[in-house]
Amino acid sequence: MEEVIGMSPNEDKIIFTRQEWKHFIDEVGMRKGQEIEKCINNARYLAKLDRADEQIRKGHVIVKTLEELEAME
């Protein structure tokens with residue numbers, strides 16, 4: 001069995017969220033089914049970006065500019 005990042009050696013399944021699955025399918029299509037480990041990692045990263053973007057749009061995250069952060073020091 002090939003070792004995959006984020007999966008312990010005794011696991012035989014990889015579980016994806018819906019967003020991760022969507023991005024995984026896109027990644028596999030772009031890479032023509034090669035570099036599956038890279039596809040998995042990219043899918044999970046892109047799904048995290050989707051969740052962060054959604055949280056920002058819903059106002060659950062406070063976004064500050066660099067100037068605002070420097071003024072807080």
# chains A, B, ... in the order shown; residues from 1 in each chain; ligands from 1
>>> closest_atom_pairs(of="segment 16-55 of chain A", to="segment 61-70 of chain A", cutoff="12 Å", atoms="only C-alpha atoms", output="CSV")
residue,atom,partner,partner_atom,distance
A:Arg51,CA,A:Val61,CA,11.1
A:Ala52,CA,A:Val61,CA,8.3
A:Asp53,CA,A:Val61,CA,9.3
A:Glu54,CA,A:Val61,CA,9.5
A:Gln55,CA,A:Val61,CA,6.1
>>> write_last_selection(atoms="N, CA and C atoms", output="short mmCIF file (atom, residue, chain, number, x, y, z; two decimals), in the first residue's frame")
data_model
loop_
_atom_site.label_atom_id
_atom_site.label_comp_id
_atom_site.auth_asym_id
_atom_site.auth_seq_id
_atom_site.Cartn_x
_atom_site.Cartn_y
_atom_site.Cartn_z
N ARG A 51 -13.73 27.25 2.86
CA ARG A 51 -14.37 27.47 4.17
C ARG A 51 -13.99 28.83 4.74
N ALA A 52 -12.73 29.21 4.61
CA ALA A 52 -12.29 30.52 5.11
C ALA A 52 -13.00 31.65 4.38
N ASP A 53 -13.11 31.52 3.06
CA ASP A 53 -13.79 32.54 2.27
C ASP A 53 -15.26 32.65 2.68
N GLU A 54 -15.90 31.53 2.90
CA GLU A 54 -17.31 31.53 3.31
C GLU A 54 -17.47 32.19 4.68
N GLN A 55 -16.55 31.89 5.61
CA GLN A 55 -16.61 32.50 6.94
C GLN A 55 -16.42 34.01 6.87
#
>>> closest_residue(among="A:Met72, A:Ala43, A:Leu49, A:Ile56", to="Met30 of chain A", atoms="only C-alpha atoms")
A:Ala43
>>> residues_around(residues="Glu27 of chain A", least_positions_apart="5", cutoff="10 Å", atoms="only C-alpha atoms", output="PyMOL selection string")
chain A and resi 21-22+32-36+38-43
>>> atom_distance(atom1="atom CA of Lys58 of chain A", atom2="atom CA of Phe24 of chain A")
25.2 Å
>>> closest_residue(among="A:Tyr45, A:Gly59, A:Glu37, A:Arg31", to="Gln19 of chain A", atoms="only C-alpha atoms")
A:Tyr45
>>> atom_distance(atom1="atom CA of Ala47 of chain A", atom2="atom CA of His23 of chain A")
7.0 Å
>>> atom_distance(atom1="atom CA of Val28 of chain A", atom2="atom CA of Ile15 of chain A")
16.1 Å
>>> select_by_dssp(residues="segment 11-44 of chain A", states="helix (DSSP H, G or I)", output="number ranges by chain")
A: 18-31, 36-44
>>> write_last_selection(atoms="N, CA and C atoms", output="JSON list (two decimals), in the first residue's frame")
[["chain", "number", "residue", "atom", "x", "y", "z"],
["A", 18, "ARG", "N", -17.36, 17.23, 1.48],
["A", 18, "ARG", "CA", -17.90, 17.49, 0.12],
["A", 18, "ARG", "C", -16.99, 18.42, -0.67],
["A", 19, "GLN", "N", -16.53, 19.48, 0.00],
["A", 19, "GLN", "CA", -15.65, 20.44, -0.70],
["A", 19, "GLN", "C", -14.34, 19.77, -1.10],
["A", 20, "GLU", "N", -13.76, 18.97, -0.20],
["A", 20, "GLU", "CA", -12.52, 18.28, -0.52],
["A", 20, "GLU", "C", -12.73, 17.34, -1.71],
["A", 21, "TRP", "N", -13.85, 16.63, -1.74],
["A", 21, "TRP", "CA", -14.13, 15.70, -2.83],
["A", 21, "TRP", "C", -14.22, 16.45, -4.16],
["A", 22, "LYS", "N", -14.93, 17.59, -4.16],
["A", 22, "LYS", "CA", -15.07, 18.39, -5.39],
["A", 22, "LYS", "C", -13.69, 18.78, -5.91],
["A", 23, "HIS", "N", -12.86, 19.28, -5.03],
["A", 23, "HIS", "CA", -11.53, 19.70, -5.45],
["A", 23, "HIS", "C", -10.66, 18.51, -5.83],
["A", 24, "PHE", "N", -10.83, 17.38, -5.16],
["A", 24, "PHE", "CA", -10.07, 16.17, -5.49],
["A", 24, "PHE", "C", -10.37, 15.72, -6.92],
["A", 25, "ILE", "N", -11.65, 15.71, -7.28],
["A", 25, "ILE", "CA", -12.04, 15.31, -8.64],
["A", 25, "ILE", "C", -11.41, 16.25, -9.66],
["A", 26, "ASP", "N", -11.44, 17.56, -9.38],
["A", 26, "ASP", "CA", -10.81, 18.53, -10.28],
["A", 26, "ASP", "C", -9.31, 18.26, -10.42],
["A", 27, "GLU", "N", -8.66, 18.01, -9.29],
["A", 27, "GLU", "CA", -7.21, 17.76, -9.29],
["A", 27, "GLU", "C", -6.87, 16.50, -10.10],
["A", 28, "VAL", "N", -7.62, 15.43, -9.90],
["A", 28, "VAL", "CA", -7.36, 14.18, -10.62],
["A", 28, "VAL", "C", -7.53, 14.41, -12.12],
["A", 29, "GLY", "N", -8.54, 15.18, -12.49],
["A", 29, "GLY", "CA", -8.75, 15.49, -13.91],
["A", 29, "GLY", "C", -7.59, 16.28, -14.50],
["A", 30, "MET", "N", -7.09, 17.25, -13.76],
["A", 30, "MET", "CA", -5.98, 18.07, -14.26],
["A", 30, "MET", "C", -4.70, 17.26, -14.38],
["A", 31, "ARG", "N", -4.48, 16.33, -13.45],
["A", 31, "ARG", "CA", -3.23, 15.57, -13.44],
["A", 31, "ARG", "C", -3.36, 14.22, -14.15],
["A", 36, "ILE", "N", -1.54, 11.10, -7.09],
["A", 36, "ILE", "CA", -2.75, 11.09, -6.27],
["A", 36, "ILE", "C", -2.51, 11.78, -4.92],
["A", 37, "GLU", "N", -1.36, 11.57, -4.32],
["A", 37, "GLU", "CA", -1.08, 12.21, -3.02],
["A", 37, "GLU", "C", -1.15, 13.73, -3.15],
["A", 38, "LYS", "N", -0.61, 14.26, -4.24],
["A", 38, "LYS", "CA", -0.66, 15.70, -4.47],
["A", 38, "LYS", "C", -2.10, 16.16, -4.67],
["A", 39, "CYS", "N", -2.89, 15.34, -5.37],
["A", 39, "CYS", "CA", -4.31, 15.67, -5.58],
["A", 39, "CYS", "C", -5.05, 15.76, -4.25],
["A", 40, "ILE", "N", -4.78, 14.80, -3.36],
["A", 40, "ILE", "CA", -5.44, 14.78, -2.05],
["A", 40, "ILE", "C", -5.07, 16.03, -1.25],
["A", 41, "ASN", "N", -3.78, 16.31, -1.19],
["A", 41, "ASN", "CA", -3.32, 17.48, -0.42],
["A", 41, "ASN", "C", -3.88, 18.78, -0.99],
["A", 42, "ASN", "N", -3.85, 18.92, -2.30],
["A", 42, "ASN", "CA", -4.37, 20.14, -2.92],
["A", 42, "ASN", "C", -5.87, 20.28, -2.69],
["A", 43, "ALA", "N", -6.60, 19.17, -2.77],
["A", 43, "ALA", "CA", -8.04, 19.20, -2.56],
["A", 43, "ALA", "C", -8.37, 19.66, -1.14],
["A", 44, "ARG", "N", -7.63, 19.14, -0.17],
["A", 44, "ARG", "CA", -7.89, 19.52, 1.22],
["A", 44, "ARG", "C", -7.53, 20.99, 1.46]]
